[in-house]
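Reproduced below: input27.cif, with mmCIF, C-alpha atoms.
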```cif
data_query
loop_
_atom_site.group_PDB
_atom_site.id
_atom_site.type_symbol
_atom_site.label_atom_id
_atom_site.label_comp_id
_atom_site.auth_asym_id
_atom_site.auth_seq_id
_atom_site.Cartn_x
_atom_site.Cartn_y
_atom_site.Cartn_z
ATOM 1 C CA MET A 1 20.221 -12.455 7.186
ATOM 2 C CA LEU A 2 17.025 -10.497 6.636
ATOM 3 C CA HIS A 3 14.959 -9.711 9.738
ATOM 4 C CA THR A 4 11.375 -8.455 9.628
ATOM 5 C CA LEU A 5 10.293 -6.123 12.430
ATOM 6 C CA ALA A 6 6.775 -4.926 13.199
ATOM 7 C CA VAL A 7 7.060 -1.597 14.993
ATOM 8 C CA LEU A 8 4.037 0.177 16.503
ATOM 9 C CA VAL A 9 4.597 3.920 16.681
ATOM 10 C CA GLU A 10 2.638 7.085 17.349
ATOM 11 C CA ASN A 11 0.838 8.337 14.260
ATOM 12 C CA HIS A 12 2.373 11.827 14.163
ATOM 13 C CA PRO A 13 4.392 13.830 11.639
ATOM 14 C CA GLY A 14 8.133 13.290 12.002
ATOM 15 C CA VAL A 15 7.993 9.773 13.450
ATOM 16 C CA LEU A 16 9.235 8.180 10.239
ATOM 17 C CA THR A 17 12.163 10.613 10.198
ATOM 18 C CA ARG A 18 13.102 9.732 13.773
ATOM 19 C CA VAL A 19 12.980 5.983 13.128
ATOM 20 C CA SER A 20 14.833 6.096 9.805
ATOM 21 C CA GLY A 21 17.360 8.506 11.322
ATOM 22 C CA LEU A 22 18.135 5.927 13.982
ATOM 23 C CA PHE A 23 19.094 3.445 11.264
ATOM 24 C CA ALA A 24 21.119 6.042 9.342
ATOM 25 C CA ARG A 25 23.096 7.162 12.418
ATOM 26 C CA ARG A 26 24.181 3.599 13.071
ATOM 27 C CA ALA A 27 24.845 2.842 9.375
ATOM 28 C CA TYR A 28 22.263 0.048 9.245
ATOM 29 C CA ASN A 29 20.534 -0.336 5.911
ATOM 30 C CA ILE A 30 16.763 -0.687 5.683
ATOM 31 C CA ASP A 31 16.029 -3.315 3.034
ATOM 32 C CA SER A 32 12.345 -2.367 2.892
ATOM 33 C CA LEU A 33 9.975 -0.160 4.837
ATOM 34 C CA SER A 34 6.208 0.045 4.780
ATOM 35 C CA VAL A 35 4.130 2.292 7.023
ATOM 36 C CA CYS A 36 0.380 2.559 7.522
ATOM 37 C CA GLN A 37 -2.183 3.638 10.094
ATOM 38 C CA THR A 38 -3.536 0.736 12.153
ATOM 39 C CA GLU A 39 -7.059 0.024 13.306
ATOM 40 C CA ASN A 40 -6.327 2.692 15.956
ATOM 41 C CA PRO A 41 -5.932 6.080 14.211
ATOM 42 C CA ASP A 42 -3.404 7.193 16.860
ATOM 43 C CA ILE A 43 -1.002 4.324 16.028
ATOM 44 C CA SER A 44 0.928 3.478 12.857
ATOM 45 C CA ARG A 45 2.624 0.199 12.069
ATOM 46 C CA MET A 46 5.996 0.085 10.404
ATOM 47 C CA THR A 47 7.111 -3.145 8.795
ATOM 48 C CA ILE A 48 10.881 -2.846 8.544
ATOM 49 C CA VAL A 49 13.124 -5.411 6.882
ATOM 50 C CA VAL A 50 16.744 -5.001 7.928
ATOM 51 C CA ASP A 51 19.779 -6.994 6.833
ATOM 52 C CA GLY A 52 22.188 -8.061 9.536
ATOM 53 C CA ASP A 53 23.189 -10.681 12.053
ATOM 54 C CA ASP A 54 21.591 -11.251 15.454
ATOM 55 C CA GLN A 55 23.840 -8.609 17.037
ATOM 56 C CA VAL A 56 22.633 -5.969 14.569
ATOM 57 C CA LEU A 57 19.027 -6.981 15.235
ATOM 58 C CA GLU A 58 19.551 -6.735 18.996
ATOM 59 C CA GLN A 59 21.087 -3.252 18.681
ATOM 60 C CA VAL A 60 18.321 -2.028 16.370
ATOM 61 C CA THR A 61 15.625 -3.353 18.698
ATOM 62 C CA LYS A 62 17.228 -1.751 21.771
ATOM 63 C CA GLN A 63 17.583 1.594 20.015
ATOM 64 C CA LEU A 64 13.984 1.513 18.746
ATOM 65 C CA HIS A 65 12.712 0.852 22.286
ATOM 66 C CA LYS A 66 14.538 3.996 23.467
ATOM 67 C CA LEU A 67 12.482 6.216 21.152
ATOM 68 C CA VAL A 68 9.505 7.737 22.998
ATOM 69 C CA VAL A 69 7.312 7.451 19.877
ATOM 70 C CA VAL A 70 7.785 3.656 19.711
ATOM 71 C CA HIS A 71 5.182 1.595 21.583
ATOM 72 C CA LYS A 72 6.167 -1.948 20.620
ATOM 73 C CA VAL A 73 8.764 -3.827 18.556
ATOM 74 C CA VAL A 74 8.152 -7.422 17.453
ATOM 75 C CA ASP A 75 10.669 -9.524 15.537
ATOM 76 C CA LEU A 76 8.590 -11.529 13.055
ATOM 77 C CA THR A 77 11.581 -13.308 11.521
ATOM 78 C CA SER A 78 11.100 -16.650 13.262
ATOM 79 C CA GLU A 79 7.316 -16.366 13.623
ATOM 80 C CA SER A 80 4.690 -17.935 11.390
ATOM 81 C CA VAL A 81 3.542 -15.014 9.244
ATOM 82 C CA VAL A 82 1.755 -14.144 6.042
ATOM 83 C CA ASP A 83 3.947 -11.742 4.101
ATOM 84 C CA ARG A 84 3.345 -10.012 0.790
ATOM 85 C CA GLU A 85 4.728 -7.424 -1.576
ATOM 86 C CA LEU A 86 3.027 -5.563 -4.372
ATOM 87 C CA ALA A 87 4.910 -4.913 -7.594
ATOM 88 C CA LEU A 88 4.092 -2.971 -10.725
ATOM 89 C CA ALA A 89 6.208 -3.829 -13.751
ATOM 90 C CA ARG A 90 6.219 -2.248 -17.184
ATOM 91 C CA ILE A 91 7.451 -4.787 -19.729
ATOM 92 C CA LYS A 92 8.417 -4.255 -23.348
ATOM 93 C CA VAL A 93 6.386 -6.362 -25.792
ATOM 94 C CA LYS A 94 6.542 -6.924 -29.534
ATOM 95 C CA ALA A 95 4.013 -8.620 -31.781
ATOM 96 C CA ASP A 96 5.931 -11.899 -31.528
ATOM 97 C CA THR A 97 6.493 -11.773 -27.718
ATOM 98 C CA ARG A 98 3.191 -10.329 -26.469
ATOM 99 C CA LEU A 99 1.535 -13.748 -26.037
ATOM 100 C CA GLU A 100 4.574 -15.198 -24.224
ATOM 101 C CA VAL A 101 4.674 -12.284 -21.810
ATOM 102 C CA LEU A 102 0.920 -12.539 -21.144
ATOM 103 C CA GLN A 103 1.276 -16.279 -20.488
ATOM 104 C CA THR A 104 4.128 -15.590 -18.069
ATOM 105 C CA VAL A 105 1.979 -13.012 -16.264
ATOM 106 C CA ASP A 106 -0.791 -15.612 -16.022
ATOM 107 C CA ILE A 107 1.569 -18.291 -14.656
ATOM 108 C CA PHE A 108 2.648 -15.913 -11.879
ATOM 109 C CA ARG A 109 -1.006 -14.954 -11.260
ATOM 110 C CA GLY A 110 -0.330 -11.362 -12.165
ATOM 111 C CA ARG A 111 -2.849 -8.980 -13.654
ATOM 112 C CA VAL A 112 -2.448 -6.673 -16.618
ATOM 113 C CA VAL A 113 -3.468 -3.171 -15.493
ATOM 114 C CA ASP A 114 -2.428 -1.207 -18.588
ATOM 115 C CA MET A 115 -1.612 -2.170 -22.149
ATOM 116 C CA GLY A 116 -0.094 -0.264 -25.025
ATOM 117 C CA ARG A 117 1.323 -1.215 -28.403
ATOM 118 C CA SER A 118 4.899 -1.555 -27.191
ATOM 119 C CA ASN A 119 4.556 -2.348 -23.471
ATOM 120 C CA ILE A 120 2.253 -3.682 -20.784
ATOM 121 C CA THR A 121 2.002 -2.854 -17.099
ATOM 122 C CA VAL A 122 1.478 -5.745 -14.723
ATOM 123 C CA GLU A 123 0.389 -5.877 -11.081
ATOM 124 C CA LEU A 124 1.739 -8.785 -9.035
ATOM 125 C CA THR A 125 1.419 -9.696 -5.373
ATOM 126 C CA GLY A 126 3.228 -12.388 -3.441
ATOM 127 C CA ASP A 127 6.226 -12.983 -1.253
ATOM 128 C CA GLY A 128 9.555 -11.485 -2.202
ATOM 129 C CA GLU A 129 10.823 -14.709 -3.785
ATOM 130 C CA LYS A 130 7.836 -14.826 -6.152
ATOM 131 C CA ILE A 131 8.363 -11.201 -7.187
ATOM 132 C CA ASP A 132 12.093 -11.849 -7.703
ATOM 133 C CA ALA A 133 11.348 -14.932 -9.841
ATOM 134 C CA PHE A 134 8.887 -12.972 -11.968
ATOM 135 C CA VAL A 135 11.417 -10.190 -12.503
ATOM 136 C CA ARG A 136 14.108 -12.701 -13.563
ATOM 137 C CA THR A 137 11.647 -14.318 -15.982
ATOM 138 C CA VAL A 138 10.465 -11.133 -17.726
ATOM 139 C CA ARG A 139 13.789 -9.265 -17.739
ATOM 140 C CA PRO A 140 14.885 -10.824 -21.091
ATOM 141 C CA TYR A 141 11.784 -9.358 -22.781
ATOM 142 C CA GLY A 142 12.755 -5.886 -21.616
ATOM 143 C CA LEU A 143 11.875 -4.756 -18.119
ATOM 144 C CA LEU A 144 11.270 -1.045 -18.632
ATOM 145 C CA GLU A 145 10.275 -0.091 -15.097
ATOM 146 C CA LEU A 146 9.751 -1.825 -11.756
ATOM 147 C CA VAL A 147 8.165 -0.494 -8.568
ATOM 148 C CA ARG A 148 7.853 -2.584 -5.373
ATOM 149 C CA THR A 149 6.172 -1.774 -2.081
ATOM 150 C CA GLY A 150 8.472 -3.723 0.177
ATOM 151 C CA THR A 151 7.360 -6.415 2.579
ATOM 152 C CA ILE A 152 4.274 -6.242 4.757
ATOM 153 C CA ALA A 153 3.687 -9.046 7.249
ATOM 154 C CA ILE A 154 1.139 -10.175 9.798
ATOM 155 C CA LEU A 155 1.102 -13.131 12.189
ATOM 156 C CA ARG A 156 -0.815 -16.170 10.956
ATOM 157 C CA SER A 157 -4.160 -16.969 12.548
ATOM 158 C CA ASP A 158 -4.055 -19.431 15.426
ATOM 159 C CA GLY A 159 -6.602 -21.813 13.992
#
```
Just dump the structure as structure tokens.
Amino acid sequence: MLHTLAVLVENHPGVLTRVSGLFARRAYNIDSLSVCQTENPDISRMTIVVDGDDQVLEQVTKQLHKLVVVHKVVDLTSESVVDRELALARIKVKADTRLEVLQTVDIFRGRVVDMGRSNITVELTGDGEKIDAFVRTVRPYGLLELVRTGTIAILRSDG
């Protein structure tokens, strides 16, 4: 099962290495990782998606709390959240498939950010399932390159 963790850490060089090293030492795989400075310039937020059962999650959380640079760990898995990924995809197009590909991009509410004679580059945001569905749909045309940010998540508003 995939678990999404929001981890508040000190915004210093080497913190990412310490956190990722913790996962590596215990042979836990990070499915996705996104890091950014928060509204407080002294604090960064890591959104970490890790695959494992509840025991793995418990161990990871305990080990993260032991790191001095970690201020807070929140498991967002069972919370009501807004989550998104950003993807850039370069797709092969021919004269007879260009319109189909552009229609597919439109259906998925993507945006063409670069266009050449033989390929287009598309920007797409959404949850992981939407990105996966888009990739499955355009792969037959010729998916030349794919870059994804990984999941970012925030708790839903209370209203």
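Ranking A:Leu155, A:Val105, A:Ile43, A:Met1 by their shortest atom-to-atom distance to Pro13 of chain A, with all atoms listed in the file included, puts A:Ile43 first.
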Specify as a PDB file with C-alpha atoms, in the frame of the given file each residue included when the PyMOL selection byres ((chain A and resi 147) around 12) is applied to this file.
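Saved to expr-v2.pdb:
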```pdb
ATOM      1  CA  GLU A  85       4.728  -7.424  -1.576  1.00  0.00           C
ATOM      2  CA  LEU A  86       3.027  -5.563  -4.372  1.00  0.00           C
ATOM      3  CA  ALA A  87       4.910  -4.913  -7.594  1.00  0.00           C
ATOM      4  CA  LEU A  88       4.092  -2.971 -10.725  1.00  0.00           C
ATOM      5  CA  ALA A  89       6.208  -3.829 -13.751  1.00  0.00           C
ATOM      6  CA  ARG A  90       6.219  -2.248 -17.184  1.00  0.00           C
ATOM      7  CA  ILE A  91       7.451  -4.787 -19.729  1.00  0.00           C
ATOM      8  CA  THR A 121       2.002  -2.854 -17.099  1.00  0.00           C
ATOM      9  CA  VAL A 122       1.478  -5.745 -14.723  1.00  0.00           C
ATOM     10  CA  GLU A 123       0.389  -5.877 -11.081  1.00  0.00           C
ATOM     11  CA  LEU A 124       1.739  -8.785  -9.035  1.00  0.00           C
ATOM     12  CA  THR A 125       1.419  -9.696  -5.373  1.00  0.00           C
ATOM     13  CA  ILE A 131       8.363 -11.201  -7.187  1.00  0.00           C
ATOM     14  CA  VAL A 135      11.417 -10.190 -12.503  1.00  0.00           C
ATOM     15  CA  LEU A 143      11.875  -4.756 -18.119  1.00  0.00           C
ATOM     16  CA  LEU A 144      11.270  -1.045 -18.632  1.00  0.00           C
ATOM     17  CA  GLU A 145      10.275  -0.091 -15.097  1.00  0.00           C
ATOM     18  CA  LEU A 146       9.751  -1.825 -11.756  1.00  0.00           C
ATOM     19  CA  ARG A 148       7.853  -2.584  -5.373  1.00  0.00           C
ATOM     20  CA  THR A 149       6.172  -1.774  -2.081  1.00  0.00           C
ATOM     21  CA  GLY A 150       8.472  -3.723   0.177  1.00  0.00           C
TER      22      GLY A 150
END
```
Which distance in Å separates atom CA of Glu10 of chain A and atom CA of Asp127 of chain A, to one decimal?
->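 According to the coordinates, atom CA of Glu10 of chain A and atom CA of Asp127 of chain A are separated by 27.6 Å.
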For the atom pair atom CA of Glu129 of chain A and atom CA of Leu99 of chain A, what is the interatomic distance in Å to one decimal place?
->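 Between atom CA of Glu129 of chain A and atom CA of Leu99 of chain A the gap is 24.1 Å.
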Anything within 10 Å of (13.2, -8.6, -22.0): list those residues as a PyMOL selection string, counting only C-alpha atoms and sticking to the file's coordinates.
-> chain A and resi 91-93+97+101+135-144
Atom CA of Ser32 of chain A to atom CA of Val49 of chain A, distance in Å rounded to a single decimal |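 Interatomic distance here is 5.1 Å.
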Quick one: of A:Ala95, A:Val9, A:Val56, A:Gly126, who's nearest to Gly110 of chain A, counting only C-alpha atoms?
->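 Going through A:Ala95, A:Val9, A:Val56, A:Gly126 one by one, the smallest distance to Gly110 of chain A is for A:Gly126.
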Taking all atoms listed in the file into account, which of A:Thr17, A:Lys130, A:Leu22, A:Arg117 comes nearest Lys66 of chain A?
->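 Using all atoms listed in the file, the shortest distance to Lys66 of chain A belongs to A:Leu22.
Distances to Leu57 of chain A were evaluated for A:Val19, A:Ala24, A:Val112, A:Leu5 using all atoms listed in the file, and the minimum falls at A:Leu5.
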